[in-house]
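Chemist: Encoded as structure tokens, here's the structure I'll be asking about.
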Amino acid sequence: MFYEIPTTLDGEIEDLSALIAKFREGRLDGPTLKVHRVPFGVYEQRKENTYMVRIRCAGGAVTPAQLKTVAELSDRYGAEMIHVTTRQELQMHDVALENVVPVVRALRAAGLATRGGGGNTVRNITASHDSGANPGEVFDVAPYAFALTSRLIADPESWRMPRKFKFAFSNSPEDTAHAAFHDVGFIAAMQNGAKGFRVYIAGGLGSKPQVGHLYSPFVPADDVYFIAEGTKRLFSKHGNRRNKHAARLRFLWNTLGQDKFLELLEQEIQDVRRSGALPLTVKDRKVPTPSILPAPAPVTSPEFDLWKKRYVKEQKQAGLYSVLVPVLMGKFKNRHALALADFLAPFGDDVLRATIEQNLFLINIPEAFLGNAYQLLKTISPMSAGPRFLAESIACAGADTCKLGICLSRGALDASVDRLSTSGLDLDRLAGLHMNISGCPNTCGQHMSADLGFFGKVGRKGQKIYPAYTVVAGGAIGGDAPRLAQPVGDVSARDMPDFVAEFFKVYLPKKDKYATFLEYLEAEGRADIQAALSHFRDVPEYEANQKHFVDWSARDPFSLVGRGVGECSAGIFDMIEIDLKRAKQLQQELGGTPAGKEREALLSQMALSTARMLLVTRGVEAATERQVFERFNEHFMKKGLVDPRFQPLVDAALAGEASRLDFEGLKALAETVETLYKSMNDSLRFPGEIDCARGAEPKPAAGPAAEALFRDYRGVPCPMNFVKTKIDLAGIGKGDRLRILLDDGPPIENVPRSVAGEGHQVVEQVKQGAHWSVLIEKR
């Protein structure tokens, strides 16, 4: 075992078991169970009654026996494969709720815990995967990750944080564990022959990423626990517990300011020292002594030599080698994991790591057995036959299983790998370059630290939406100036593979002119990326090419439904943000466009995006551009929500007279609409509008037996059906009821869940032929 299991874990497992039993008997509601299961690393998946179980692997380390246990449990209770995460953990998927506790107990028996796999907890502590083996490392940092894990998971306060809290250890200035992008990051350093760390604080990725701030260029190794615990206590005391979107350590730094933050931090660190706490007990690792080994399998072939060049490195221990095992997108079949575990068992316990690139990494393999490893990996790791660049490309789970996912990022990476593999490009020259993809703005796919990154978004063509990605470039890791990638443009999901191939076709002939990709990017790379993107700017109309409106690996047209609690609300705001962003982009383009037909076309588009932006909040749809302006005139101009001085602009747009559209006037109108959007309350109401939640008279009851306000929303698509429901609820008083009719499929799957997510009670759901009747009580 690489970390010590706390003595409290067995009792906590029994408590979880009791809660799950109560839930299955109908004596406990889902939200209450969620509060307890998520900190146990148990997440609900999109598929009903299936769960993901995330397993803590400190520093990415697992023994062959532990890997075998995970694979056997996955084979018995879960999916056909396990998943390697970007936090060096292992995950099991498709576990039924009734099997969660048996899985957790079996993992506990193998020396593995899921506690802290999710929720507002201290998460898995990561470390450079080659720590202890890399000849160029400052020193082995993995023992510090193991020791800090053992200390912190034994502390009950580690499970009661304002938000997730992350630590990382890197073994060299290259910062291969991305320590500078963590809440607290330690990078190995030496001073006067003593071990220590360069420390970064208050960094993080997520939807609002921030590079960590340098706390100290050197702290003695014995101070690791004091700094870690002091920072944890500071966050626990002062972190924002009311708003999870502002509840990370970096937001606390921004709120307090550097001086106040560091002042409070120093107080906490000194309090830890005065408490009598001891430095971490760090045990130096020894190379395991192999047991009975298989017979060496000498291999001589050009393919074997190429594999060694790509994936094998000599360790600092004479005669031993490390081997990267490519696991594309972290998906590793159970039977392959079992085969790898059996192969590694004779070489000892300390032979396997997970990497933050979602691969596996073998260490302490004697040179005589590299042939054996090669022969095995040919059968269990198909990517081992390809270039390292593809093997180290990352995609998060995306909308495949994550309820926050927008795009199918795994499908996009699969398609990009296929396209690059047949491009004829020398991909081995891209080794060391990182291409990372996230299915949404959250940075689970590490796109903001990548050389070339992508994150999922919603694109819009007329009244249709399609899967798309924002392209970012220039993330820099290591050295004295880590930096986040910067946006350079957008591309549709379907065009991404062709864009990637076209860009690398331009980059590779120029590569040798520059020492780094970042140097190239700053000199001419940004322009090259934008030039390549320009070839994919025009998305075809839906009627001309429906393929662009279907995501990679999907069968149905792209949709915003199915995004978990409140996903309908997310869909509403996504639609608003699309037009808001488009209006701002057009405003910038108009700044450099001379008078003429092109300028008039841009003015018309800006007027359209501005007028359409908030129509969704009124529960109305517009099939044509003229209808957009008609609906805007009816619901915003005539209702007095927008200043009458903009009426001539709206009249000009209604008449289709672009020559009468004034840029400054449109700019002011767009700012007015954006201000109105920001003033909107949770009921989608604007200042001055009637809202029963704030004391206005409720609408009279109607519908069958006058039991409730009645609305028929059959045929109304998501999220518009939820918008209409939300407006209806805003018009009735607390305790009053609303009955709605919904279609089968996404409407019934999402609207009731979104309503419940906003605090209302879904009293009943009854299927009536091909549709559903849903009774809601306003709370």
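Naming works like this for the structure tokens: A, B, ... for the chains as they're shown, residue 1 at the start of each chain, ligands 1 onward in shown order.
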So which residues touch Gln765 in chain A within 12 Å, counting only C-alpha atoms, skipping near sequence neighbours fewer than 4 positions away, as a PyMOL selection string?

Modeler: chain A and resi 739-744+748-749+751-753+761+771-776

Chemist: If we count only C-alpha atoms and set the cut-off at 7 Å, which residues sit around range 347-352 of chain A, ignoring sequence neighbours fewer than 4 positions away in its own chain? Please answer as a compact mmCIF listing (two decimals) with N, CA and C atoms, in the first residue's frame.

Modeler:
# COMPACT_ATOMS: atom_id res chain seq x y z
N ALA A 61 0.14 5.84 -7.97
CA ALA A 61 0.75 4.52 -7.69
C ALA A 61 -0.29 3.48 -7.32
N VAL A 62 -0.21 2.34 -7.95
CA VAL A 62 -0.99 1.16 -7.57
C VAL A 62 -0.09 -0.06 -7.73
N THR A 63 -0.31 -1.06 -6.92
CA THR A 63 0.45 -2.30 -7.06
C THR A 63 -0.21 -3.17 -8.13
N PRO A 64 0.52 -4.13 -8.68
CA PRO A 64 -0.12 -5.06 -9.63
C PRO A 64 -1.33 -5.76 -9.02
N PRO A 288 12.27 -2.65 -5.83
CA PRO A 288 11.82 -3.98 -5.40
C PRO A 288 12.71 -5.09 -5.93
N THR A 289 12.80 -6.13 -5.14
CA THR A 289 13.55 -7.31 -5.57
C THR A 289 12.61 -8.26 -6.29
N PRO A 290 12.83 -8.52 -7.58
CA PRO A 290 11.92 -9.39 -8.32
C PRO A 290 11.86 -10.79 -7.72
N SER A 291 10.69 -11.42 -7.86
CA SER A 291 10.55 -12.82 -7.44
C SER A 291 10.90 -13.71 -8.63
N PHE A 361 2.30 3.83 -16.65
CA PHE A 361 3.75 3.98 -16.73
C PHE A 361 4.40 2.89 -15.88
N LEU A 362 5.22 2.09 -16.51
CA LEU A 362 5.91 1.01 -15.82
C LEU A 362 7.29 1.49 -15.40
N ILE A 363 7.70 1.13 -14.19
CA ILE A 363 9.05 1.46 -13.74
C ILE A 363 9.72 0.19 -13.20
N ASN A 364 11.04 0.26 -13.11
CA ASN A 364 11.84 -0.83 -12.53
C ASN A 364 11.74 -2.12 -13.33

Chemist: As a VMD selection string, list the residues of range 595-724 of chain A assigned to helix (DSSP H, G or I) by DSSP on the backbone atoms of this structure.

Modeler: chain A and resid 597 to 612 615 to 618 625 to 637 644 to 654 658 to 660 663 to 678 692 to 694 704 to 706 720 to 724

Chemist: Between A:Ala21, A:Leu280, A:Leu484, A:Val219, which residue has the minimum interatomic distance to Gly204 in chain A, considering only C-alpha atoms?

Modeler: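 Among the listed residues, the smallest separation from Gly204 in chain A belongs to A:Leu484.
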
Chemist: Would you mind listing what lies within 9 Å of Gly116 in chain A as a PyMOL selection string, with only C-alpha atoms counted and same-chain residues fewer than 6 positions away left out?

Modeler: chain A and resi 38-41+54-56+122-124+153+158-159+164

Chemist: For Met496 in chain A, which residue among A:Glu268, A:Glu524, A:Glu777, A:Asp551 is the nearest when counting only C-alpha atoms?

Modeler: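 For Met496 in chain A, the nearest of the given residues is A:Asp551.
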
Chemist: From a DSSP calculation on the backbone, collect every residue of range 313-480 of chain A in strand (DSSP E) and output the set as an MDAnalysis selection string.

Modeler: chainID A and resid 313:314 320:325 331:333 352:354 360:366 394:395 435:438 452:461 464:473

Chemist: For Lys237 in chain A, find every residue with an atom within 12 Å (counting only C-alpha atoms), except residues of its own chain fewer than 5 positions away, and show them as an mmCIF file with C-alpha atoms, in the first residue's frame.

Modeler:
data_model
loop_
_atom_site.group_PDB
_atom_site.id
_atom_site.type_symbol
_atom_site.label_atom_id
_atom_site.label_comp_id
_atom_site.auth_asym_id
_atom_site.auth_seq_id
_atom_site.Cartn_x
_atom_site.Cartn_y
_atom_site.Cartn_z
ATOM 1 C CA GLU A 157 -11.768 18.268 8.213
ATOM 2 C CA ARG A 160 -15.670 19.316 5.022
ATOM 3 C CA MET A 161 -14.005 21.860 2.754
ATOM 4 C CA PRO A 162 -15.849 24.763 1.060
ATOM 5 C CA ARG A 163 -14.938 23.189 -2.295
ATOM 6 C CA GLY A 230 -2.104 25.806 6.981
ATOM 7 C CA THR A 231 -3.444 26.515 3.510
ATOM 8 C CA LYS A 232 -6.194 23.944 3.976
ATOM 9 C CA ALA A 247 -15.479 28.684 -3.794
ATOM 10 C CA LEU A 249 -8.745 28.981 -3.156
ATOM 11 C CA LEU A 252 -10.238 33.668 -2.007
ATOM 12 C CA LEU A 264 -3.792 35.022 7.185
ATOM 13 C CA LEU A 265 -1.894 32.088 5.706
ATOM 14 C CA GLU A 268 -2.497 29.447 10.045
#

Chemist: Show me, as a PDB file with C-alpha atoms, in the first residue's frame, the residues that have an atom within 9 Å of Phe663 in chain A when counting only C-alpha atoms, minus same-chain residues fewer than 4 positions from it.

Modeler:
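That gives us out_37.pdb:
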ATOM      1  CA  GLN A 587     -19.048  44.727 -32.841  1.00  0.00           C
ATOM      2  CA  LEU A 590     -17.503  46.278 -37.551  1.00  0.00           C
ATOM      3  CA  LEU A 603     -24.915  45.326 -38.903  1.00  0.00           C
ATOM      4  CA  LYS A 667     -23.820  49.130 -29.866  1.00  0.00           C
ATOM      5  CA  ALA A 668     -25.874  51.006 -27.265  1.00  0.00           C
TER       6      ALA A 668
END
